[in-house]
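K.L.:
Mind having a look at this structure? Questions to follow.
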Amino acid sequence: MCGIAGAMSRELGAAAVVTTRALTQALTHRGPDGSGFWTDTEPTRPVADTELPIAARTVLGHRRLSIVDLAGGGQPLSNEDGSVWVSYNGEIFNAPELRRALERTGHVFQTRSDTEVLVHGWEEWGEEMFGRLNGMFAFAIADQVSGAVWLVRDPVGVKPLYVGVRGEMTWWASELGAARETDVASGTIDRDALKLYLTFRFVPSPLSILEGAWKVPPASFVRLRPADAGQRPAFVRYQTAICSSAEPHGESEWAQAMTEGLEAAVRRQLMSDVPVGSLLSGGVDSTLVTMMMRDAMEYAPVAFGIGFASHGELNELVSSRRAAKALEVPLVTTEIADEDYLSAWPASHRRTGEPVGNSSSLLLGLLCQTVARTHKVVLTGQGADEPLGGYPRHMAERLFAIGRRVPSLSAAVAQRVIGADAGDRLLRVLHARDRATRYAEILTVLPAEEVDAIVPGGTPAAELAKEAVARWIPADAERDSVNALLIVDARMSLADDLLLVADHFSMAASVELRVPFLDLALLELLDRMPSRYKVSWTGRRKWLYRKAALAKLPRALSGTLGGVRSEQGRKVGFRTPVDRWFGADSTLDPAWSEQLLRITALDARLARRTYTSGRDPKRVRQQLALYALAKWYA
């Protein structure tokens, strides 16, 4: 796990060298174990910072966090004749199989690192290689024969990759914050991106919050040539060839296929030359992953848990301790006081480089700081809810056909059962005219008309939201509309919200966070699993998976991890008391919304009057989105 950066200029000069050096240095936290560079003016070898030439057209930069092949895995890394070079962030979990296939065709490997699979794979397969990789990755691969560089992001977007333009130069980096910190990226907010942020509480790919900078979307690549440097990049989608061999039929076979698929994913993701731990919230997902790790490893994995002291019996550490005891694994705990969290929370919103309206990101960051004292790698249960239908919002699509017949009654029930602002949102869902608009409304935080009022001008918010969602709707959406929504949620919301936050806050502590639920073979299986096994007509979410998981977990946990409450209640895991923070007894600085006045693209006075005057429980998500925006911009 590492940080990558680079730049390409139209003409030979100092710009690409200076830019890449600055970006790479700004990413030191992602790779404290070393750095390296490659330039097209020193094409036969990697160079250190002190050896960088004065001028170049193309430069690759790299920061390394040593996990696999500690001695031989330095980057940038090349093939035998130095014609292909790669700067790579991530892990290729099927690297052993790919390596054997390449060796059978005559390729000779010099290291044990998964990185070398990329350069030999490029020689053998070209762009087809991207779809053969099962892993979490973002990389830049330079081919001296063509003179081009390919920027590639993994199919789920576990690892972020930004690309931007400045004058006649194109740059790229693992984090937008590095580009903003070094003034490589413009400080001007993109108006359409701001509208999308207020709509979803994050900015969907390919936009970023800043003008002249973009996120490479999941399952996509950019091909860069010097002649095109400085121009808006074109994003090309590729198809993953990774799939599960399982062909289950019926409830029992699907339950077995799911658990066996997860076990295989966990085993793959234990690939490491350093100790591997787990993040254990005590929920069913992290508990099952931790148990599977324990069963596959020669030693009991150290688990790490965190919670708020003010939660009392709802403190997540209660669940973590219960699970660790039942699994007989050691647990390292971190307990947080509200006042300590809130004192550090404002500044934490700048960590992600662009705003994300997420209240628990700092919680993950603090936990990873504890992890970093003893470990570099942890597995987590993140990523289970989107493909398996774990959120209350997924019920909206399951009940759509019924709900649209009696929309007012359905909205009233939703408001009572799911949450304070769910009724208004469900009414918009039930009145949507097409699938893309309906899915967008399901995922919406601020409705389009309010976004357009707060951010005047630019493209209408409804049009932007529909386009962002439509990009991910599968061609066979009509066959299973709930599954189609889950695919959108996993590729859009998960990639550019929770996974982006997880990457930035874990890497800020120099910790690699792995997500076995998003293993590509397992995910392909879950994508084709009929949604009736995920979200039932009676409102049970993740029900078959939970049933299968409980059959494997210790009986002592079945009472707390099973039952109607676990399947129909609010999602638990890395939970913060955000309702209280924005409620009547809020301890937040009441002047925080004044910082919105500095954002010229925003009608801040209208935003403050609409959302931050008074303590409306229906407006917590909206207030959180604006709070994160204000603190990011501060």
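Just so we're on the same page: first chain in the structure tokens is A, next is B, and so on; residues restart at 1 for each chain, and ligands are numbered from 1 in the order they show up.
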Give me the residues within 6 Å of Asn134 in chain A as an MDAnalysis selection string, counting only C-alpha atoms and dropping any in the same chain fewer than 2 places off.
P.N.:
chainID A and resid 92:94 520
K.L.:
Can you list, as a list of chain:residue names, every protein, DNA or RNA residue that comes within 8 Å of Tyr633 in chain A when you count only C-alpha atoms, leaving out same-chain residues fewer than 6 positions away?
P.N.:
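Listing them by chain and then by number gives A:Arg350, A:Gln595, A:Ile599.
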K.L.:
Can you pull out every residue from range 175-403 of chain A that DSSP, working from the backbone, puts in helix (DSSP H, G or I), and format the result as a tab-separated table (two decimals) with N, CA and C atoms, in the first residue's frame?
P.N.:
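As a result, states.tsv now contains:
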```tsv
chain	number	residue	atom	x	y	z
A	176	LEU	N	-6.35	14.20	-3.58
A	176	LEU	CA	-6.55	15.56	-4.04
A	176	LEU	C	-5.91	16.55	-3.07
A	177	GLY	N	-5.89	16.19	-1.79
A	177	GLY	CA	-5.30	17.08	-0.79
A	177	GLY	C	-3.85	17.39	-1.07
A	178	ALA	N	-3.11	16.41	-1.63
A	178	ALA	CA	-1.71	16.66	-1.97
A	178	ALA	C	-1.60	17.72	-3.05
A	179	ALA	N	-2.51	17.67	-4.02
A	179	ALA	CA	-2.49	18.68	-5.10
A	179	ALA	C	-2.93	20.04	-4.59
A	180	ARG	N	-3.87	20.06	-3.67
A	180	ARG	CA	-4.32	21.33	-3.11
A	180	ARG	C	-3.25	21.93	-2.20
A	181	GLU	N	-2.60	21.07	-1.41
A	181	GLU	CA	-1.56	21.53	-0.47
A	181	GLU	C	-0.37	22.13	-1.21
A	191	ARG	N	-18.74	24.32	-9.70
A	191	ARG	CA	-20.13	24.55	-9.31
A	191	ARG	C	-20.98	23.29	-9.44
A	192	ASP	N	-20.80	22.56	-10.54
A	192	ASP	CA	-21.58	21.33	-10.71
A	192	ASP	C	-21.20	20.29	-9.65
A	193	ALA	N	-19.91	20.21	-9.33
A	193	ALA	CA	-19.47	19.27	-8.30
A	193	ALA	C	-20.06	19.64	-6.94
A	194	LEU	N	-20.15	20.95	-6.68
A	194	LEU	CA	-20.74	21.40	-5.42
A	194	LEU	C	-22.21	20.99	-5.35
A	195	LYS	N	-22.90	21.10	-6.46
A	195	LYS	CA	-24.31	20.67	-6.48
A	195	LYS	C	-24.42	19.17	-6.21
A	196	LEU	N	-23.54	18.40	-6.81
A	196	LEU	CA	-23.57	16.95	-6.57
A	196	LEU	C	-23.22	16.63	-5.13
A	197	TYR	N	-22.28	17.37	-4.56
A	197	TYR	CA	-21.94	17.14	-3.16
A	197	TYR	C	-23.14	17.38	-2.25
A	198	LEU	N	-23.84	18.48	-2.46
A	198	LEU	CA	-25.00	18.77	-1.61
A	198	LEU	C	-26.13	17.77	-1.85
A	199	THR	N	-26.19	17.22	-3.04
A	199	THR	CA	-27.21	16.22	-3.35
A	199	THR	C	-26.94	14.91	-2.63
A	200	PHE	N	-25.67	14.44	-2.68
A	200	PHE	CA	-25.34	13.11	-2.19
A	200	PHE	C	-24.49	13.08	-0.93
A	226	PRO	N	1.96	12.91	-24.31
A	226	PRO	CA	2.48	14.27	-24.14
A	226	PRO	C	1.73	15.32	-24.98
A	227	ALA	N	1.33	14.96	-26.18
A	227	ALA	CA	0.63	15.92	-27.03
A	227	ALA	C	-0.71	16.34	-26.46
A	228	ASP	N	-1.29	15.50	-25.59
A	228	ASP	CA	-2.61	15.79	-24.99
A	228	ASP	C	-2.50	16.38	-23.59
A	250	GLY	N	-31.33	-21.90	-5.20
A	250	GLY	CA	-32.08	-22.09	-3.97
A	250	GLY	C	-31.37	-21.50	-2.76
A	251	GLU	N	-32.15	-21.37	-1.70
A	251	GLU	CA	-31.69	-20.67	-0.50
A	251	GLU	C	-30.45	-21.30	0.13
A	252	SER	N	-30.45	-22.61	0.34
A	252	SER	CA	-29.32	-23.24	1.03
A	252	SER	C	-28.04	-23.16	0.21
A	253	GLU	N	-28.13	-23.32	-1.11
A	253	GLU	CA	-26.93	-23.25	-1.94
A	253	GLU	C	-26.37	-21.83	-1.99
A	254	TRP	N	-27.25	-20.84	-2.03
A	254	TRP	CA	-26.76	-19.45	-2.01
A	254	TRP	C	-26.10	-19.12	-0.68
A	255	ALA	N	-26.66	-19.61	0.41
A	255	ALA	CA	-26.06	-19.36	1.73
A	255	ALA	C	-24.67	-19.98	1.79
A	256	GLN	N	-24.53	-21.18	1.29
A	256	GLN	CA	-23.23	-21.84	1.30
A	256	GLN	C	-22.24	-21.14	0.38
A	257	ALA	N	-22.69	-20.73	-0.80
A	257	ALA	CA	-21.81	-20.06	-1.76
A	257	ALA	C	-21.29	-18.73	-1.20
A	258	MET	N	-22.17	-18.02	-0.51
A	258	MET	CA	-21.76	-16.75	0.09
A	258	MET	C	-20.65	-16.93	1.11
A	259	THR	N	-20.85	-17.82	2.04
A	259	THR	CA	-19.87	-17.99	3.11
A	259	THR	C	-18.57	-18.58	2.58
A	260	GLU	N	-18.66	-19.52	1.64
A	260	GLU	CA	-17.44	-20.07	1.05
A	260	GLU	C	-16.71	-19.01	0.23
A	261	GLY	N	-17.46	-18.18	-0.45
A	261	GLY	CA	-16.84	-17.10	-1.22
A	261	GLY	C	-16.12	-16.10	-0.32
A	262	LEU	N	-16.73	-15.79	0.83
A	262	LEU	CA	-16.09	-14.87	1.77
A	262	LEU	C	-14.85	-15.51	2.39
A	263	GLU	N	-14.93	-16.78	2.72
A	263	GLU	CA	-13.76	-17.46	3.28
A	263	GLU	C	-12.59	-17.42	2.29
A	264	ALA	N	-12.87	-17.65	1.02
A	264	ALA	CA	-11.82	-17.60	0.01
A	264	ALA	C	-11.25	-16.19	-0.11
A	265	ALA	N	-12.12	-15.18	-0.04
A	265	ALA	CA	-11.67	-13.80	-0.13
A	265	ALA	C	-10.78	-13.44	1.05
A	266	VAL	N	-11.16	-13.86	2.24
A	266	VAL	CA	-10.35	-13.59	3.43
A	266	VAL	C	-8.98	-14.23	3.29
A	267	ARG	N	-8.95	-15.48	2.84
A	267	ARG	CA	-7.65	-16.16	2.67
A	267	ARG	C	-6.77	-15.41	1.66
A	268	ARG	N	-7.37	-14.97	0.56
A	268	ARG	CA	-6.58	-14.22	-0.42
A	268	ARG	C	-6.02	-12.94	0.18
A	269	GLN	N	-6.84	-12.27	0.99
A	269	GLN	CA	-6.43	-10.96	1.49
A	269	GLN	C	-5.54	-11.03	2.73
A	284	VAL	N	-22.11	-8.17	12.74
A	284	VAL	CA	-22.00	-9.49	12.13
A	284	VAL	C	-20.89	-9.53	11.08
A	285	ASP	N	-20.69	-8.45	10.32
A	285	ASP	CA	-19.72	-8.48	9.23
A	285	ASP	C	-18.29	-8.56	9.74
A	286	SER	N	-17.91	-7.65	10.63
A	286	SER	CA	-16.54	-7.66	11.14
A	286	SER	C	-16.28	-8.89	12.00
A	287	THR	N	-17.30	-9.38	12.69
A	287	THR	CA	-17.13	-10.56	13.53
A	287	THR	C	-16.88	-11.80	12.67
A	288	LEU	N	-17.64	-11.93	11.59
A	288	LEU	CA	-17.45	-13.08	10.70
A	288	LEU	C	-16.08	-13.03	10.04
A	289	VAL	N	-15.66	-11.86	9.57
A	289	VAL	CA	-14.34	-11.73	8.95
A	289	VAL	C	-13.25	-12.10	9.95
A	290	THR	N	-13.37	-11.60	11.17
A	290	THR	CA	-12.36	-11.90	12.20
A	290	THR	C	-12.30	-13.39	12.50
A	291	MET	N	-13.45	-14.04	12.58
A	291	MET	CA	-13.47	-15.48	12.83
A	291	MET	C	-12.80	-16.24	11.69
A	292	MET	N	-13.09	-15.84	10.45
A	292	MET	CA	-12.49	-16.51	9.30
A	292	MET	C	-10.98	-16.28	9.24
A	293	MET	N	-10.54	-15.11	9.66
A	293	MET	CA	-9.10	-14.86	9.76
A	293	MET	C	-8.47	-15.80	10.79
A	294	ARG	N	-9.10	-15.88	11.94
A	294	ARG	CA	-8.58	-16.74	13.01
A	294	ARG	C	-8.43	-18.18	12.53
A	295	ASP	N	-9.43	-18.66	11.79
A	295	ASP	CA	-9.41	-20.04	11.34
A	295	ASP	C	-8.40	-20.29	10.23
A	296	ALA	N	-8.03	-19.24	9.50
A	296	ALA	CA	-7.10	-19.40	8.37
A	296	ALA	C	-5.65	-19.11	8.72
A	309	ALA	N	-17.54	6.69	25.03
A	309	ALA	CA	-17.89	6.42	26.42
A	309	ALA	C	-19.31	6.85	26.73
A	310	SER	N	-19.78	7.91	26.06
A	310	SER	CA	-21.11	8.46	26.35
A	310	SER	C	-22.24	7.56	25.88
A	311	HIS	N	-21.94	6.54	25.08
A	311	HIS	CA	-22.98	5.66	24.56
A	311	HIS	C	-23.48	4.64	25.58
A	312	GLY	N	-22.77	4.51	26.70
A	312	GLY	CA	-23.21	3.57	27.72
A	312	GLY	C	-23.28	2.15	27.18
A	313	GLU	N	-24.43	1.50	27.34
A	313	GLU	CA	-24.60	0.13	26.85
A	313	GLU	C	-24.57	0.05	25.33
A	314	LEU	N	-24.77	1.21	24.65
A	314	LEU	CA	-24.71	1.24	23.19
A	314	LEU	C	-23.30	1.51	22.69
A	316	GLU	N	-19.99	0.93	21.22
A	316	GLU	CA	-19.61	-0.14	20.30
A	316	GLU	C	-18.60	-1.10	20.92
A	317	LEU	N	-17.85	-0.61	21.91
A	317	LEU	CA	-16.86	-1.48	22.55
A	317	LEU	C	-17.51	-2.63	23.32
A	318	VAL	N	-18.75	-2.43	23.74
A	318	VAL	CA	-19.46	-3.53	24.40
A	318	VAL	C	-19.60	-4.70	23.43
A	319	SER	N	-19.98	-4.38	22.19
A	319	SER	CA	-20.12	-5.42	21.16
A	319	SER	C	-18.77	-5.99	20.76
A	320	SER	N	-17.76	-5.13	20.67
A	320	SER	CA	-16.42	-5.59	20.30
A	320	SER	C	-15.89	-6.59	21.32
A	321	ARG	N	-16.04	-6.25	22.60
A	321	ARG	CA	-15.54	-7.13	23.67
A	321	ARG	C	-16.29	-8.46	23.68
A	322	ARG	N	-17.59	-8.39	23.46
A	322	ARG	CA	-18.39	-9.61	23.45
A	322	ARG	C	-17.94	-10.53	22.30
A	323	ALA	N	-17.72	-9.94	21.14
A	323	ALA	CA	-17.31	-10.73	19.98
A	323	ALA	C	-15.90	-11.30	20.16
A	324	ALA	N	-14.98	-10.47	20.66
A	324	ALA	CA	-13.60	-10.93	20.86
A	324	ALA	C	-13.55	-12.08	21.86
A	325	LYS	N	-14.36	-11.98	22.91
A	325	LYS	CA	-14.39	-13.04	23.91
A	325	LYS	C	-14.91	-14.34	23.30
A	326	ALA	N	-15.98	-14.24	22.51
A	326	ALA	CA	-16.56	-15.44	21.90
A	326	ALA	C	-15.61	-16.07	20.89
A	327	LEU	N	-14.86	-15.22	20.18
A	327	LEU	CA	-13.93	-15.73	19.16
A	327	LEU	C	-12.58	-16.11	19.75
A	338	ASP	N	-16.76	12.38	23.96
A	338	ASP	CA	-17.37	13.27	22.97
A	338	ASP	C	-16.57	14.55	22.79
A	339	GLU	N	-16.17	15.14	23.91
A	339	GLU	CA	-15.49	16.45	23.82
A	339	GLU	C	-14.15	16.33	23.11
A	340	ASP	N	-13.46	15.21	23.29
A	340	ASP	CA	-12.18	15.02	22.60
A	340	ASP	C	-12.40	14.84	21.10
A	341	TYR	N	-13.43	14.08	20.76
A	341	TYR	CA	-13.74	13.86	19.35
A	341	TYR	C	-14.12	15.17	18.67
A	342	LEU	N	-14.99	15.94	19.34
A	342	LEU	CA	-15.48	17.17	18.73
A	342	LEU	C	-14.38	18.23	18.62
A	343	SER	N	-13.39	18.18	19.48
A	343	SER	CA	-12.30	19.15	19.37
A	343	SER	C	-11.42	18.86	18.16
A	344	ALA	N	-11.30	17.57	17.79
A	344	ALA	CA	-10.47	17.20	16.64
A	344	ALA	C	-11.28	17.09	15.35
A	345	TRP	N	-12.60	17.01	15.46
A	345	TRP	CA	-13.46	16.76	14.31
A	345	TRP	C	-13.39	17.85	13.24
A	346	PRO	N	-13.44	19.14	13.58
A	346	PRO	CA	-13.45	20.16	12.53
A	346	PRO	C	-12.28	20.05	11.56
A	347	ALA	N	-11.07	19.92	12.08
A	347	ALA	CA	-9.90	19.87	11.21
A	347	ALA	C	-9.84	18.58	10.40
A	348	SER	N	-10.49	17.52	10.89
A	348	SER	CA	-10.41	16.23	10.19
A	348	SER	C	-11.08	16.26	8.83
A	361	SER	N	-15.72	9.36	10.06
A	361	SER	CA	-14.40	9.23	9.44
A	361	SER	C	-13.27	9.39	10.45
A	362	LEU	N	-13.39	10.36	11.33
A	362	LEU	CA	-12.35	10.57	12.33
A	362	LEU	C	-12.27	9.37	13.28
A	363	LEU	N	-13.41	8.74	13.56
A	363	LEU	CA	-13.42	7.56	14.42
A	363	LEU	C	-12.53	6.47	13.82
A	364	LEU	N	-12.66	6.25	12.52
A	364	LEU	CA	-11.80	5.28	11.84
A	364	LEU	C	-10.34	5.73	11.89
A	365	GLY	N	-10.12	7.03	11.72
A	365	GLY	CA	-8.75	7.54	11.77
A	365	GLY	C	-8.11	7.33	13.12
A	366	LEU	N	-8.85	7.58	14.19
A	366	LEU	CA	-8.31	7.38	15.54
A	366	LEU	C	-8.03	5.91	15.81
A	367	LEU	N	-8.91	5.05	15.31
A	367	LEU	CA	-8.69	3.62	15.48
A	367	LEU	C	-7.43	3.18	14.74
A	368	CYS	N	-7.22	3.70	13.53
A	368	CYS	CA	-6.04	3.33	12.75
A	368	CYS	C	-4.75	3.87	13.39
A	369	GLN	N	-4.85	4.97	14.11
A	369	GLN	CA	-3.68	5.44	14.85
A	369	GLN	C	-3.27	4.42	15.91
A	370	THR	N	-4.26	3.81	16.55
A	370	THR	CA	-3.97	2.75	17.51
A	370	THR	C	-3.38	1.53	16.80
A	371	VAL	N	-3.98	1.16	15.68
A	371	VAL	CA	-3.48	0.02	14.90
A	371	VAL	C	-2.02	0.21	14.53
A	385	ASP	N	-22.74	-4.02	3.13
A	385	ASP	CA	-24.12	-3.53	3.10
A	385	ASP	C	-24.60	-3.13	1.71
A	386	GLU	N	-23.74	-2.56	0.90
A	386	GLU	CA	-24.18	-2.10	-0.42
A	386	GLU	C	-24.56	-3.28	-1.33
A	387	PRO	N	-23.71	-4.28	-1.51
A	387	PRO	CA	-24.12	-5.38	-2.40
A	387	PRO	C	-25.16	-6.31	-1.81
A	388	LEU	N	-25.30	-6.33	-0.47
A	388	LEU	CA	-26.23	-7.27	0.17
A	388	LEU	C	-27.52	-6.62	0.65
A	394	HIS	N	-32.50	0.81	0.95
A	394	HIS	CA	-32.70	-0.23	-0.05
A	394	HIS	C	-34.13	-0.77	-0.05
A	395	MET	N	-34.84	-0.55	1.05
A	395	MET	CA	-36.24	-0.97	1.11
A	395	MET	C	-37.11	-0.15	0.17
A	396	ALA	N	-36.69	1.07	-0.15
A	396	ALA	CA	-37.51	1.94	-1.00
A	396	ALA	C	-37.75	1.30	-2.36
A	397	GLU	N	-36.72	0.67	-2.92
A	397	GLU	CA	-36.89	0.03	-4.22
A	397	GLU	C	-37.67	-1.27	-4.10
A	398	ARG	N	-37.46	-2.02	-3.02
A	398	ARG	CA	-38.22	-3.26	-2.85
A	398	ARG	C	-39.72	-2.97	-2.78
A	400	PHE	N	-41.28	-0.25	-3.93
A	400	PHE	CA	-41.69	0.80	-4.87
A	400	PHE	C	-43.02	0.47	-5.54
A	401	ALA	N	-43.15	-0.76	-6.06
A	401	ALA	CA	-44.36	-1.12	-6.80
A	401	ALA	C	-45.61	-0.97	-5.94
A	402	ILE	N	-45.50	-1.31	-4.64
A	402	ILE	CA	-46.64	-1.18	-3.74
A	402	ILE	C	-46.80	0.26	-3.28
A	403	GLY	N	-45.69	0.89	-2.92
A	403	GLY	CA	-45.75	2.22	-2.34
A	403	GLY	C	-46.31	3.28	-3.25
```
K.L.:
Report as a ChimeraX atom specification: the residues of range 43-235 of chain A with a DSSP assignment of strand (DSSP E), based on the backbone of this structure.
P.N.:
/A:43-47,56-64,77-78,84-92,135-143,148-153,162-166,169-173,213-215,220-224,235
K.L.:
Quick one: everything within 6 Å of range 201-218 of chain A, counting only C-alpha atoms, minus sequence neighbours fewer than 3 positions away in the same chain. Send it as a VMD selection string.
P.N.:
chain A and resid 153 to 157 161 to 165 188 to 190 193 196 to 198 354 356 to 357 496 to 497 625
K.L.:
I'd like the interatomic distance between CA of Pro516 in chain A and CA of Met297 in chain A, to a tenth of an Å.
P.N.:
15.2 Å
K.L.:
For Thr374 in chain A, which of A:Leu513, A:Val332, A:Leu486, A:Ala448 is the closest residue, counting only C-alpha atoms?
P.N.:
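Selected residue with least distance to Thr374 in chain A: A:Val332.
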K.L.:
What lies within 9 Å of range 477-480 of chain A using only C-alpha atoms, ignoring chain neighbours under 4 positions off, as a list in words?
P.N.:
Arg435, Ile473, Ala484, Leu485, Pro530 and Ser531 of chain A
K.L.:
I'd like the interatomic distance between CA of Arg223 in chain A and CA of Leu118 in chain A, to a tenth of an Å.
P.N.:
16.2 Å
K.L.:
One decimal, in Å: what's the spacing between CA of Glu51 in chain A and CA of Gly34 in chain A?
P.N.:
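A separation of 14.7 Å between them.
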K.L.:
Mind checking which residues fall within 9 Å of Leu624 in chain A, counting only C-alpha atoms, ignoring those fewer than 5 positions away in the same chain, and posting them as a PDB file with C-alpha atoms, in the first residue's frame?
P.N.:
```pdb
ATOM      1  CA  ARG A 201     -22.980  14.391   0.595  1.00  0.00           C
ATOM      2  CA  GLY A 357     -20.486  14.485   4.857  1.00  0.00           C
ATOM      3  CA  ASN A 358     -19.486  11.569   7.063  1.00  0.00           C
ATOM      4  CA  SER A 359     -19.491  11.832  10.855  1.00  0.00           C
ATOM      5  CA  VAL A 578     -24.412  12.894  15.422  1.00  0.00           C
ATOM      6  CA  PHE A 582     -26.806  18.662  15.823  1.00  0.00           C
ATOM      7  CA  ARG A 619     -32.328  18.257   8.971  1.00  0.00           C
ATOM      8  CA  LEU A 629     -18.310  21.524   3.586  1.00  0.00           C
TER       9      LEU A 629
END
```
K.L.:
Name the closest residue to His62 in chain A among the candidates A:Ala16, A:Ala508, A:Ala432, A:Ile4; distances are taken between atoms, counting only C-alpha atoms.
P.N.:
A:Ile4
K.L.:
Need the shell around Ala303 in chain A: protein/DNA/RNA residues with any atom at most 7 Å away, counting only C-alpha atoms. Skip same-chain ones fewer than 2 positions apart. Format as a PyMOL selection string?
P.N.:
chain A and resi 277-280+301+305+329-332
K.L.:
Check the smallest atom-to-atom distance from each of A:Gln110, A:Thr44, A:Asn315, A:Gln622 to Val445 in chain A using only C-alpha atoms, then report the winner.
P.N.:
A:Gln622
K.L.:
Tell me, as JSON, numbers by chain, which residues lie within 10 Å of Glu128 in chain A, counting only C-alpha atoms; anything in the same chain fewer than 3 positions away does not count.
P.N.:
{"A": [121, 122, 124, 125, 131, 132, 133, 238, 239, 240, 241]}
